[in-house]
file entry-v6.cif (mmCIF, C-alpha atoms and all ligand atoms)
data_final
#
loop_
_atom_site.label_atom_id
_atom_site.label_comp_id
_atom_site.auth_asym_id
_atom_site.auth_seq_id
_atom_site.Cartn_x
_atom_site.Cartn_y
_atom_site.Cartn_z
CA MET C 1 0.00 0.00 0.00
CA ALA C 2 1.33 3.41 -0.91
CA PHE C 3 1.12 6.19 1.62
CA ALA C 4 1.85 8.93 -0.88
CA SER C 5 -1.86 9.42 -1.48
CA LYS C 6 -2.65 9.72 2.22
CA SER C 7 -0.53 12.74 2.88
CA PRO C 8 -0.23 14.95 -0.18
CA TRP C 9 1.71 18.03 0.88
CA VAL C 10 1.40 20.87 -1.59
CA ILE C 11 3.48 23.84 -2.58
CA HIS C 12 1.92 26.76 -4.38
CA TYR C 13 3.75 28.99 -6.85
CA ASP C 14 2.30 32.01 -8.57
CA GLY C 15 3.80 32.16 -12.06
CA SER C 16 2.20 35.17 -13.72
CA SER C 17 -1.31 34.71 -12.52
CA CYS C 18 -3.65 37.70 -12.20
CA ASN C 19 -4.03 36.53 -8.55
CA GLY C 20 -7.53 35.22 -9.22
CA CYS C 21 -6.36 31.63 -9.19
CA ASP C 22 -4.04 32.18 -6.23
CA ILE C 23 -6.91 33.37 -4.12
CA GLU C 24 -8.84 30.25 -5.11
CA VAL C 25 -5.87 27.99 -4.33
CA LEU C 26 -5.52 29.50 -0.88
CA ALA C 27 -9.28 29.37 -0.38
CA THR C 28 -9.09 25.64 -1.10
CA LEU C 29 -6.58 25.24 1.71
CA CYS C 30 -8.63 27.36 4.11
CA PRO C 31 -10.83 25.96 6.91
CA GLY C 32 -13.97 26.19 4.75
CA PHE C 33 -12.82 23.34 2.52
CA ASP C 34 -10.43 21.88 5.09
CA GLY C 35 -7.90 20.14 2.89
CA GLU C 36 -6.31 18.64 5.98
CA ARG C 37 -9.19 16.13 6.09
CA PHE C 38 -7.29 14.39 3.29
CA GLY C 39 -3.88 15.13 4.76
CA VAL C 40 -3.27 18.11 2.51
CA ILE C 41 -0.79 20.53 4.03
CA ASN C 42 0.59 23.68 2.51
CA THR C 43 4.35 23.41 2.96
CA GLY C 44 6.06 26.37 1.32
CA ASN C 45 9.17 24.21 0.91
CA PRO C 46 9.70 22.31 -2.35
CA LYS C 47 11.80 19.69 -0.56
CA HIS C 48 8.81 18.70 1.55
CA ALA C 49 6.13 18.95 -1.10
CA ASP C 50 4.52 16.19 -3.17
CA ILE C 51 2.15 18.26 -5.29
CA PHE C 52 3.17 21.40 -7.12
CA LEU C 53 0.29 23.80 -7.71
CA VAL C 54 1.21 26.37 -10.37
CA THR C 55 -1.01 29.27 -11.24
CA GLY C 56 -0.51 31.57 -14.20
CA SER C 57 1.43 31.13 -17.38
CA VAL C 58 5.13 30.64 -17.89
CA ASN C 59 7.12 33.60 -19.17
CA GLU C 60 10.77 34.49 -19.76
CA GLN C 61 11.11 35.74 -16.19
CA ASN C 62 9.70 32.83 -14.25
CA ILE C 63 10.53 29.77 -16.35
CA GLY C 64 13.78 29.30 -14.41
CA VAL C 65 11.98 29.54 -11.09
CA VAL C 66 9.32 27.02 -12.09
CA ARG C 67 12.00 24.56 -13.20
CA GLU C 68 14.06 25.15 -10.05
CA ILE C 69 11.11 24.42 -7.75
CA TYR C 70 10.22 21.33 -9.75
CA GLU C 71 13.76 20.04 -9.60
CA GLN C 72 14.02 20.57 -5.85
CA MET C 73 10.96 18.40 -5.25
CA LEU C 74 11.64 14.74 -4.56
CA GLU C 75 10.07 11.84 -6.41
CA PRO C 76 7.24 10.87 -6.42
CA LYS C 77 5.92 14.29 -7.35
CA VAL C 78 2.98 15.62 -9.31
CA VAL C 79 2.35 18.95 -11.02
CA VAL C 80 -1.13 20.48 -11.20
CA ALA C 81 -1.69 23.40 -13.57
CA CYS C 82 -4.31 25.56 -11.83
CA GLY C 83 -6.40 27.79 -14.05
CA ILE C 84 -6.54 28.17 -17.78
CA CYS C 85 -3.49 30.45 -17.78
CA ALA C 86 -1.37 27.66 -16.29
CA CYS C 87 -2.90 25.15 -18.73
CA SER C 88 -2.35 27.03 -21.97
CA GLY C 89 -1.58 30.67 -21.34
CA GLY C 90 -5.27 31.59 -21.29
CA VAL C 91 -6.16 35.20 -22.04
CA PHE C 92 -2.50 36.10 -21.91
CA HIS C 93 -1.46 33.49 -24.47
CA ASP C 94 -0.42 36.02 -27.15
CA CYS C 95 1.35 38.48 -24.90
CA TYR C 96 4.85 39.27 -26.15
CA ASN C 97 6.54 37.78 -23.08
CA VAL C 98 4.32 34.75 -22.45
CA ILE C 99 5.74 31.38 -23.48
CA GLY C 100 2.57 29.41 -22.75
CA GLY C 101 1.21 26.97 -20.20
CA VAL C 102 3.26 25.40 -17.45
CA ASP C 103 3.85 22.33 -19.63
CA LYS C 104 6.28 24.45 -21.66
CA ALA C 105 8.61 24.36 -18.64
CA ILE C 106 7.95 21.13 -16.75
CA PRO C 107 5.83 17.99 -17.24
CA VAL C 108 2.27 18.61 -16.05
CA ASP C 109 0.21 15.71 -14.68
CA VAL C 110 -3.18 17.27 -14.10
CA TYR C 111 -4.81 20.20 -15.85
CA ALA C 112 -7.44 22.15 -13.90
CA PRO C 113 -8.90 24.74 -16.28
CA GLY C 114 -11.19 27.57 -15.27
CA CYS C 115 -10.92 31.32 -14.94
CA ALA C 116 -10.55 31.42 -12.06
CA VAL C 117 -10.29 27.75 -11.16
CA ARG C 118 -12.95 26.85 -8.55
CA PRO C 119 -11.97 25.24 -5.23
CA GLU C 120 -14.21 22.25 -6.07
CA GLN C 121 -12.30 21.74 -9.30
CA LEU C 122 -9.00 22.15 -7.53
CA ILE C 123 -9.97 19.47 -5.02
CA ASP C 124 -10.88 17.21 -7.95
CA ALA C 125 -7.51 17.97 -9.53
CA ILE C 126 -5.64 17.24 -6.31
CA VAL C 127 -7.52 13.94 -5.98
CA ALA C 128 -6.53 13.06 -9.55
CA GLY C 129 -2.97 14.10 -8.71
CA VAL C 130 -3.01 11.90 -5.64
CA ALA C 131 -3.88 8.88 -7.81
CA LYS C 132 -0.88 9.75 -10.00
CA LEU C 133 1.28 10.01 -6.88
CA ASP C 134 0.31 6.48 -5.93
CA GLU C 135 1.12 5.23 -9.43
CA LYS C 136 4.53 6.87 -9.37
CA SER C 137 5.22 5.60 -5.88
CA ALA C 138 4.36 2.05 -6.96
CA ALA C 139 6.58 2.41 -10.02
CA MET C 140 9.44 3.59 -7.82
CA LYS C 141 9.03 0.60 -5.55
CA ALA C 142 8.96 -1.80 -8.51
CA ALA C 143 12.09 -0.18 -9.93
CA LYS C 144 13.83 -0.55 -6.59
CA LYS C 145 12.93 -4.23 -6.41
CA GLY C 146 14.09 -4.78 -9.99
CA ALA C 147 17.39 -3.03 -9.41
CA MET Z 1 24.85 -2.14 41.23
CA ILE Z 2 26.18 -0.18 38.24
CA GLU Z 3 25.56 -3.15 35.96
CA MET Z 4 21.99 -3.27 37.24
CA THR Z 5 21.45 0.43 36.43
CA LEU Z 6 22.97 -0.02 32.99
CA LEU Z 7 20.76 -3.01 32.35
CA THR Z 8 17.55 -1.28 33.45
CA THR Z 9 18.46 1.77 31.37
CA LEU Z 10 19.11 -0.42 28.37
CA ILE Z 11 15.83 -2.29 28.75
CA GLY Z 12 14.03 0.99 29.41
CA THR Z 13 15.52 2.52 26.28
CA LEU Z 14 14.49 -0.44 24.15
CA LEU Z 15 10.94 -0.35 25.52
CA PHE Z 16 10.80 3.40 25.07
CA ALA Z 17 11.99 3.02 21.48
CA LEU Z 18 9.06 0.67 20.85
CA VAL Z 19 6.29 2.39 22.81
CA ALA Z 20 7.07 6.12 22.62
CA PRO Z 21 6.71 6.48 18.83
CA VAL Z 22 3.28 4.83 19.00
CA VAL Z 23 2.08 6.99 21.90
CA GLY Z 24 3.68 10.10 20.44
CA CYS Z 25 2.12 9.46 17.05
CA LEU Z 26 -1.37 9.11 18.54
CA LEU Z 27 -0.76 12.21 20.64
CA ALA Z 28 0.23 14.15 17.51
CA GLY Z 29 -2.88 12.89 15.70
CA LEU Z 30 -5.13 13.93 18.59
CA ASP Z 31 -3.35 17.26 18.70
CA ARG Z 32 -4.13 17.91 15.04
CA ILE Z 33 -7.77 16.88 15.39
CA ILE Z 34 -8.33 19.02 18.48
CA SER Z 35 -6.55 21.95 16.83
CA ALA Z 36 -8.77 21.57 13.78
CA ARG Z 37 -11.92 21.49 15.93
CA MET Z 38 -10.77 24.64 17.69
CA GLN Z 39 -10.53 26.26 14.26
CA GLY Z 40 -13.97 25.04 13.19
CA ARG Z 41 -12.60 22.30 10.92
CA VAL Z 42 -13.06 18.56 10.84
CA GLY Z 43 -9.36 17.82 10.82
CA PRO Z 44 -7.31 14.88 9.60
CA PRO Z 45 -7.76 11.23 10.60
CA LEU Z 46 -6.18 10.18 13.90
CA LEU Z 47 -3.40 8.29 12.14
CA GLN Z 48 -2.47 11.18 9.86
CA PRO Z 49 0.98 11.70 11.46
CA TYR Z 50 1.68 8.00 10.85
CA TYR Z 51 0.67 8.31 7.19
CA ASP Z 52 2.89 11.38 6.85
CA VAL Z 53 5.94 9.59 8.20
CA ARG Z 54 5.32 6.46 6.13
CA LYS Z 55 5.06 8.63 3.06
CA LEU Z 56 8.28 10.43 3.94
CA PHE Z 57 10.08 7.09 4.14
CA GLU Z 58 8.73 6.20 0.71
CA LYS Z 59 10.17 9.30 -0.87
CA GLU Z 60 13.33 9.50 -2.89
CA ARG Z 61 16.47 9.82 -0.79
CA ALA Z 62 18.33 13.06 -1.31
CA SER Z 63 20.50 15.12 0.94
CA VAL Z 64 22.67 18.17 0.51
CA ASN Z 65 25.55 16.46 2.27
CA ALA Z 66 26.54 13.18 3.82
CA VAL Z 67 26.49 14.18 7.49
CA GLU Z 68 23.03 15.70 7.82
CA ARG Z 69 21.30 12.35 8.17
CA VAL Z 70 23.94 11.13 10.63
CA TYR Z 71 23.34 14.16 12.85
CA VAL Z 72 19.58 13.69 12.69
CA GLY Z 73 20.02 9.99 13.46
CA ALA Z 74 22.17 10.89 16.48
CA ALA Z 75 19.53 13.37 17.63
CA LEU Z 76 16.88 10.66 17.42
CA LEU Z 77 19.09 8.15 19.21
CA PHE Z 78 19.78 10.49 22.12
CA ALA Z 79 16.12 11.48 22.36
CA VAL Z 80 15.26 7.79 22.73
CA LEU Z 81 18.07 7.28 25.24
CA ALA Z 82 16.86 10.24 27.32
CA GLY Z 83 13.39 8.73 27.33
CA GLY Z 84 14.81 5.36 28.35
CA ILE Z 85 16.76 6.90 31.23
CA PHE Z 86 13.67 8.75 32.45
CA PHE Z 87 11.09 6.01 32.19
CA SER Z 88 13.34 3.36 33.69
CA GLY Z 89 13.50 5.56 36.81
CA GLY Z 90 17.05 6.70 36.14
CA ASN Z 91 18.87 9.94 36.79
CA LEU Z 92 16.79 13.01 35.97
CA LEU Z 93 19.84 15.23 35.53
CA LEU Z 94 21.36 12.80 33.04
CA CYS Z 95 18.06 12.66 31.18
CA VAL Z 96 18.05 16.47 30.93
CA PHE Z 97 21.60 16.54 29.58
CA VAL Z 98 21.02 13.77 27.07
CA ILE Z 99 17.92 15.42 25.65
CA THR Z 100 19.89 18.67 25.33
CA LEU Z 101 22.58 16.75 23.48
CA SER Z 102 19.85 15.53 21.13
CA SER Z 103 18.80 19.14 20.49
CA LEU Z 104 22.39 20.10 19.80
CA PHE Z 105 22.74 17.35 17.18
CA PHE Z 106 19.54 18.58 15.58
CA ILE Z 107 20.95 22.13 15.45
CA MET Z 108 24.21 20.85 13.95
CA ALA Z 109 22.26 18.98 11.29
CA ALA Z 110 20.62 22.24 10.28
CA TYR Z 111 23.90 24.20 10.33
CA SER Z 112 25.69 21.52 8.31
CA THR Z 113 23.51 22.21 5.29
CA ARG Z 114 24.79 25.78 4.95
CA SER Z 115 21.37 26.87 3.75
CA PRO Z 116 20.59 30.42 4.88
CA TYR Z 117 17.02 29.43 5.77
CA ALA Z 118 18.11 26.41 7.77
CA GLU Z 119 20.70 28.59 9.51
CA VAL Z 120 18.03 31.06 10.56
CA GLY Z 121 16.13 28.10 11.97
CA ALA Z 122 19.22 26.70 13.67
CA ALA Z 123 20.04 30.06 15.25
CA ARG Z 124 16.51 30.30 16.58
CA GLU Z 125 16.60 26.72 17.83
CA THR Z 126 19.79 27.61 19.72
CA LEU Z 127 17.97 30.56 21.27
CA GLN Z 128 15.17 28.26 22.30
CA VAL Z 129 17.60 25.90 23.99
CA MET Z 130 19.16 28.86 25.79
CA SER Z 131 15.72 30.02 26.88
CA TYR Z 132 14.37 26.82 28.37
CA GLU Z 133 17.52 25.20 29.71
CA PRO Z 134 17.77 27.17 33.03
CA MET Z 135 14.24 26.19 34.02
CA VAL Z 136 14.83 22.56 33.11
CA LEU Z 137 17.97 22.45 35.27
CA LEU Z 138 16.16 24.12 38.15
CA MET Z 139 13.47 21.48 37.79
CA ALA Z 140 16.06 18.74 38.37
CA VAL Z 141 17.45 20.64 41.38
CA ALA Z 142 13.97 21.08 42.85
CA PHE Z 143 13.28 17.37 42.54
CA PHE Z 144 16.54 16.69 44.33
CA GLN Z 145 15.42 18.92 47.17
CA VAL Z 146 12.09 17.15 47.45
CA THR Z 147 13.19 13.55 47.08
CA GLY Z 148 16.81 13.76 48.22
CA SER Z 149 17.93 12.04 45.03
CA PHE Z 150 18.26 12.78 41.34
CA ASP Z 151 16.67 9.44 40.58
CA VAL Z 152 13.25 9.62 38.95
CA ALA Z 153 12.19 6.49 40.83
CA ALA Z 154 12.60 8.33 44.15
CA ALA Z 155 9.46 10.33 43.40
CA PHE Z 156 7.43 7.18 44.04
CA GLY Z 157 8.65 7.17 47.63
CA LEU Z 158 7.09 10.54 48.47
CA THR Z 159 4.20 10.85 50.89
CA HIS Z 160 2.50 13.49 48.71
CA PRO Z 161 2.96 14.61 45.08
CA ALA Z 162 5.97 16.83 44.42
CA VAL Z 163 3.73 19.51 42.98
CA CYS Z 164 2.52 20.29 46.53
CA THR Z 165 5.96 21.54 47.55
CA ILE Z 166 7.39 22.69 44.20
CA GLY Z 167 4.25 24.14 42.66
CA LEU Z 168 6.07 27.26 41.49
CA VAL Z 169 8.66 25.13 39.71
CA PHE Z 170 5.80 23.28 38.07
CA LEU Z 171 4.38 26.56 36.77
CA GLY Z 172 7.81 27.49 35.44
CA VAL Z 173 8.13 24.16 33.64
CA LEU Z 174 4.64 24.67 32.25
CA PHE Z 175 5.83 27.96 30.78
CA ILE Z 176 8.87 26.54 29.02
CA LEU Z 177 6.95 23.43 27.97
CA THR Z 178 5.42 25.51 25.20
CA ILE Z 179 8.92 26.13 23.86
CA LYS Z 180 9.89 22.49 24.18
CA LEU Z 181 6.76 21.24 22.43
CA ARG Z 182 7.40 23.77 19.62
CA LYS Z 183 4.05 25.36 20.02
CA SER Z 184 2.99 28.89 19.20
CA PRO Z 185 3.79 31.54 20.59
CA PHE Z 186 7.26 30.01 20.98
CA ASP Z 187 7.53 27.98 17.76
CA LEU Z 188 10.31 30.19 16.45
CA ALA Z 189 12.57 27.56 14.97
CA LEU Z 190 10.14 25.13 13.49
CA SER Z 191 6.49 25.89 13.08
CA HIS Z 192 3.93 23.31 12.13
CA HIS Z 193 2.20 25.95 10.06
CA ALA Z 194 3.93 26.93 6.82
CA HIS Z 195 2.35 30.34 6.59
CA GLN Z 196 4.33 31.75 9.49
CA GLU Z 197 7.69 30.30 8.59
CA ILE Z 198 10.80 31.39 6.72
CA VAL Z 199 10.64 28.54 4.24
CA ARG Z 200 10.71 25.83 6.91
CA GLY Z 201 13.13 26.82 9.63
CA VAL Z 202 15.45 24.12 10.92
CA THR Z 203 14.12 21.42 8.62
CA THR Z 204 14.37 23.44 5.40
CA GLU Z 205 16.96 21.13 3.86
CA MET Z 206 15.74 17.92 5.47
CA SER Z 207 13.59 15.84 3.20
CA GLY Z 208 12.16 12.37 2.75
CA PRO Z 209 13.41 9.80 5.27
CA THR Z 210 15.49 12.38 7.16
CA LEU Z 211 12.38 14.45 7.81
CA GLY Z 212 10.60 11.26 8.82
CA MET Z 213 13.26 10.69 11.49
CA VAL Z 214 12.77 14.26 12.71
CA GLU Z 215 9.05 13.61 13.11
CA ILE Z 216 9.67 10.42 15.09
CA MET Z 217 12.13 12.31 17.25
CA HIS Z 218 9.46 14.90 18.05
CA TRP Z 219 7.02 12.17 19.02
CA CYS Z 220 9.55 10.67 21.42
CA GLU Z 221 10.45 14.09 22.82
CA ASN Z 222 6.80 14.92 23.46
CA VAL Z 223 6.26 11.68 25.34
CA LEU Z 224 9.34 12.39 27.46
CA PHE Z 225 8.23 15.94 28.27
CA MET Z 226 4.79 14.70 29.22
CA GLY Z 227 6.60 12.25 31.50
CA TRP Z 228 8.28 15.21 33.17
CA ILE Z 229 4.89 16.77 33.78
CA GLY Z 230 3.57 13.49 35.17
CA LEU Z 231 6.54 13.27 37.55
CA PHE Z 232 5.20 16.27 39.46
CA PHE Z 233 2.04 14.35 40.30
CA VAL Z 234 3.27 10.94 41.43
CA TRP Z 235 3.77 9.84 45.01
CA GLY Z 236 3.84 6.58 46.97
CA GLY Z 237 0.06 6.12 46.86
CA PRO Z 238 -1.85 3.68 44.65
CA LEU Z 239 -3.65 6.37 42.62
CA SER Z 240 -0.48 8.21 41.73
CA LEU Z 241 -0.20 7.04 38.12
CA ILE Z 242 -3.83 7.90 37.44
CA ALA Z 243 -3.34 11.37 38.90
CA ALA Z 244 -0.26 11.82 36.74
CA LEU Z 245 -2.16 10.71 33.64
CA ILE Z 246 -4.98 13.16 34.29
CA ALA Z 247 -2.47 15.95 34.85
CA VAL Z 248 -0.71 15.12 31.59
CA VAL Z 249 -3.97 15.15 29.62
CA VAL Z 250 -5.02 18.49 31.11
CA VAL Z 251 -1.62 20.04 30.47
CA TYR Z 252 -1.47 18.83 26.88
CA PHE Z 253 -4.94 20.20 26.21
CA LEU Z 254 -3.83 23.52 27.69
CA GLU Z 255 -0.83 23.51 25.36
CA ILE Z 256 -3.04 22.96 22.32
CA TRP Z 257 -5.28 25.77 23.47
CA ILE Z 258 -2.28 28.09 23.85
CA ASP Z 259 -0.99 27.01 20.44
CA ASN Z 260 -4.23 28.00 18.79
CA ASN Z 261 -4.76 31.29 20.59
CA PHE Z 262 -1.45 33.09 20.58
CA ALA Z 263 0.55 34.57 17.75
CA ARG Z 264 4.26 33.95 17.58
CA VAL Z 265 6.41 36.32 19.65
CA LYS Z 266 9.87 37.69 18.91
CA TRP Z 267 12.88 35.84 20.27
CA GLN Z 268 13.76 38.69 22.62
CA PHE Z 269 10.46 38.25 24.43
CA MET Z 270 10.82 34.48 24.56
CA PHE Z 271 14.34 34.69 25.94
CA LYS Z 272 13.64 37.34 28.57
CA SER Z 273 10.36 35.89 29.75
CA ALA Z 274 11.73 32.35 29.98
CA TRP Z 275 14.70 33.47 32.09
CA LEU Z 276 12.50 35.69 34.22
CA VAL Z 277 10.11 32.84 34.87
CA ALA Z 278 13.01 30.51 35.64
CA LEU Z 279 14.55 32.96 38.12
CA VAL Z 280 11.31 33.94 39.82
CA ALA Z 281 9.38 30.68 39.83
CA GLY Z 282 12.34 28.32 40.08
CA GLY Z 283 14.58 30.52 42.19
CA VAL Z 284 11.98 31.49 44.78
CA ASN Z 285 10.68 27.96 45.15
CA ILE Z 286 14.14 26.47 45.52
CA ALA Z 287 15.24 29.20 47.95
CA VAL Z 288 12.17 28.64 50.11
CA LEU Z 289 12.82 24.92 50.20
CA ALA Z 290 16.50 25.44 50.98
CA PHE Z 291 15.96 27.81 53.88
CA LEU Z 292 12.87 26.35 55.49
S1 LIG W 301 -7.04 31.64 -15.22
FE1 LIG W 301 -8.14 33.59 -14.98
S2 LIG W 301 -8.12 33.94 -12.79
FE2 LIG W 301 -6.59 32.39 -13.19
S3 LIG W 301 -4.68 33.49 -13.43
FE3 LIG W 301 -5.55 33.27 -15.45
S4 LIG W 301 -6.74 35.12 -15.80
FE4 LIG W 301 -6.36 35.01 -13.61
#

call {"tool": "encode", "arguments": {"input": "entry-v6.cif", "output": "structure tokens"}}
result
Amino acid sequence: MAFASKSPWVIHYDGSSCNGCDIEVLATLCPGFDGERFGVINTGNPKHADIFLVTGSVNEQNIGVVREIYEQMLEPKVVVACGICACSGGVFHDCYNVIGGVDKAIPVDVYAPGCAVRPEQLIDAIVAGVAKLDEKSAAMKAAKKGA
Amino acid sequence: MIEMTLLTTLIGTLLFALVAPVVGCLLAGLDRIISARMQGRVGPPLLQPYYDVRKLFEKERASVNAVERVYVGAALLFAVLAGGIFFSGGNLLLCVFVITLSSLFFIMAAYSTRSPYAEVGAARETLQVMSYEPMVLLMAVAFFQVTGSFDVAAAFGLTHPAVCTIGLVFLGVLFILTIKLRKSPFDLALSHHAHQEIVRGVTTEMSGPTLGMVEIMHWCENVLFMGWIGLFFVWGGPLSLIAALIAVVVVYFLEIWIDNNFARVKWQFMFKSAWLVALVAGGVNIAVLAFL
């Protein structure tokens, strides 16, 4: 049995979001929705986090930061693109400095579109991400046994 | 005689290593549920701390250097040893020193990473040790005055609970207990809540299994500190353990309440108030006992 899904710790990074999605992400972690019921904790430290919640699109300024945070996270890890900006660039997609969605920088596992993304949808996305975490954790174990 | 003491300490340490993580884990789970209820939330399942640690041990192993995990392992080992010494009725003073040694290893683990965030945490942890240590030492001295021995087991030979004669010392220990349990307002080095932390304080660079060991160490520490609280309430009578248990439950609930109702203070306040409490509560109580 994998325990990854029982304690998904998240880290939240605001790429170039208009702040709409950030407010929703934080609202999801607030007492009203009580993410801790499922073991969700907001860590603020990539080395402790399992799920990376990115809001906003990737641009020339933040692509390095997004990659750095992703690389500091330990396997198994999952990336959730929160909001349509993080999925594809959204309304900002043809801005001169915008490269596109988060998947232009790092591999994204779950896409949660919406403008802004609703807490209910975010919870759904985190649940989907948690399933992926379990898969990755099982794969890691199998690889360890094989090695 | 010495072999006997060594043997009991060894057996005590082994038992503590088996029992304390279980008790500490359940205590941490209860803590989180009660905290959540105080905040109007449902809270995590009781075994959430266990799930967290199991997950941490499943994570990829990575470390910024080779010694960090060794230091954390030493900190855990000494925390268990301190618990073993205490619960096998051994020397209270030794127990105090060994648990301080454990804290020092933990601080060194943070410093060894050379991360500026971990160093901020380590510096604050050092301040915390400096703040609570006088009161802890005075506690050992006060017990010596009451029982005539530094041995924990001597408390069971008393005709009435120690808290009757060293009540002020008990209040002082209650004050610094908040620091030792890493609870707000004194959770300067390592908060359980990310939103009030500089990245993650002492554990910034600790990840995966290393962080799991840190969690287990905290469980063991908490059980030991609750043992200290219980020690104030035991005597030779048959109900003494029950009285101690009730006292421990009440005190832990009080700590959770404090944690949820007070914002973090600055280190200057923590340091000054802790020393003031140690000098007034501990000093007065010990002086009264010495001169009466
Ligand atoms: S998806 Fe909408 S709310 Fe979210 S960052 Fe983009 S524009 Fe703002």

call {"tool": "residues_near_ligand", "arguments": {"input": "entry-v6.cif", "ligand": "ligand LIG 301 (chain W)", "cutoff": "10 Å", "atoms": "all atoms listed in the file", "output": "compact mmCIF listing (two decimals) with C-alpha atoms, in the frame of the given file"}}
result
# COMPACT_ATOMS: atom_id res chain seq x y z
CA ASP C 14 2.30 32.01 -8.57
CA GLY C 15 3.80 32.16 -12.06
CA SER C 16 2.20 35.17 -13.72
CA SER C 17 -1.31 34.71 -12.52
CA CYS C 18 -3.65 37.70 -12.20
CA ASN C 19 -4.03 36.53 -8.55
CA GLY C 20 -7.53 35.22 -9.22
CA CYS C 21 -6.36 31.63 -9.19
CA ASP C 22 -4.04 32.18 -6.23
CA ILE C 23 -6.91 33.37 -4.12
CA GLU C 24 -8.84 30.25 -5.11
CA VAL C 25 -5.87 27.99 -4.33
CA VAL C 54 1.21 26.37 -10.37
CA THR C 55 -1.01 29.27 -11.24
CA GLY C 56 -0.51 31.57 -14.20
CA SER C 57 1.43 31.13 -17.38
CA ALA C 81 -1.69 23.40 -13.57
CA CYS C 82 -4.31 25.56 -11.83
CA GLY C 83 -6.40 27.79 -14.05
CA ILE C 84 -6.54 28.17 -17.78
CA CYS C 85 -3.49 30.45 -17.78
CA ALA C 86 -1.37 27.66 -16.29
CA CYS C 87 -2.90 25.15 -18.73
CA SER C 88 -2.35 27.03 -21.97
CA GLY C 89 -1.58 30.67 -21.34
CA GLY C 90 -5.27 31.59 -21.29
CA VAL C 91 -6.16 35.20 -22.04
CA PHE C 92 -2.50 36.10 -21.91
CA HIS C 93 -1.46 33.49 -24.47
CA ALA C 112 -7.44 22.15 -13.90
CA PRO C 113 -8.90 24.74 -16.28
CA GLY C 114 -11.19 27.57 -15.27
CA CYS C 115 -10.92 31.32 -14.94
CA ALA C 116 -10.55 31.42 -12.06
CA VAL C 117 -10.29 27.75 -11.16
CA ARG C 118 -12.95 26.85 -8.55

call {"tool": "atom_distance", "arguments": {"input": "entry-v6.cif", "atom1": "CA of Gly167 (chain Z)", "atom2": "CA of Gly12 (chain Z)"}}
result
28.4 Å

call {"tool": "interface_residues", "arguments": {"input": "entry-v6.cif", "of": "chain C", "to": "chain Z", "cutoff": "12 Å", "atoms": "all atoms listed in the file", "output": "CSV table (one decimal) with C-alpha atoms, in the frame of the given file"}}
result
chain,number,residue,atom,x,y,z
C,1,MET,CA,0.0,0.0,0.0
C,2,ALA,CA,1.3,3.4,-0.9
C,3,PHE,CA,1.1,6.2,1.6
C,4,ALA,CA,1.8,8.9,-0.9
C,5,SER,CA,-1.9,9.4,-1.5
C,6,LYS,CA,-2.6,9.7,2.2
C,7,SER,CA,-0.5,12.7,2.9
C,8,PRO,CA,-0.2,15.0,-0.2
C,9,TRP,CA,1.7,18.0,0.9
C,10,VAL,CA,1.4,20.9,-1.6
C,11,ILE,CA,3.5,23.8,-2.6
C,12,HIS,CA,1.9,26.8,-4.4
C,26,LEU,CA,-5.5,29.5,-0.9
C,29,LEU,CA,-6.6,25.2,1.7
C,30,CYS,CA,-8.6,27.4,4.1
C,31,PRO,CA,-10.8,26.0,6.9
C,32,GLY,CA,-14.0,26.2,4.8
C,33,PHE,CA,-12.8,23.3,2.5
C,34,ASP,CA,-10.4,21.9,5.1
C,35,GLY,CA,-7.9,20.1,2.9
C,36,GLU,CA,-6.3,18.6,6.0
C,37,ARG,CA,-9.2,16.1,6.1
C,38,PHE,CA,-7.3,14.4,3.3
C,39,GLY,CA,-3.9,15.1,4.8
C,40,VAL,CA,-3.3,18.1,2.5
C,41,ILE,CA,-0.8,20.5,4.0
C,42,ASN,CA,0.6,23.7,2.5
C,43,THR,CA,4.4,23.4,3.0
C,44,GLY,CA,6.1,26.4,1.3
C,45,ASN,CA,9.2,24.2,0.9
C,46,PRO,CA,9.7,22.3,-2.4
C,47,LYS,CA,11.8,19.7,-0.6
C,48,HIS,CA,8.8,18.7,1.6
C,49,ALA,CA,6.1,19.0,-1.1
C,50,ASP,CA,4.5,16.2,-3.2
C,71,GLU,CA,13.8,20.0,-9.6
C,72,GLN,CA,14.0,20.6,-5.8
C,73,MET,CA,11.0,18.4,-5.2
C,74,LEU,CA,11.6,14.7,-4.6
C,75,GLU,CA,10.1,11.8,-6.4
C,76,PRO,CA,7.2,10.9,-6.4
C,77,LYS,CA,5.9,14.3,-7.4
C,133,LEU,CA,1.3,10.0,-6.9
C,134,ASP,CA,0.3,6.5,-5.9
C,136,LYS,CA,4.5,6.9,-9.4
C,137,SER,CA,5.2,5.6,-5.9
C,138,ALA,CA,4.4,2.0,-7.0
C,139,ALA,CA,6.6,2.4,-10.0
C,140,MET,CA,9.4,3.6,-7.8
C,141,LYS,CA,9.0,0.6,-5.6
C,144,LYS,CA,13.8,-0.6,-6.6

call {"tool": "atom_distance", "arguments": {"input": "entry-v6.cif", "atom1": "CA of Val280 (chain Z)", "atom2": "CA of Pro134 (chain Z)"}}
result
11.6 Å

call {"tool": "atom_distance", "arguments": {"input": "entry-v6.cif", "atom1": "CA of Leu92 (chain Z)", "atom2": "CA of Val136 (chain Z)"}}
result
10.2 Å

call {"tool": "axis_aligned_box", "arguments": {"input": "entry-v6.cif", "around": "region 104-109 of chain C", "padding_each_side": "6 Å", "output": "JSON"}}
result
{"center_x": 4.4, "center_y": 20.1, "center_z": -18.2, "size_x": 20.4, "size_y": 20.7, "size_z": 19.0}
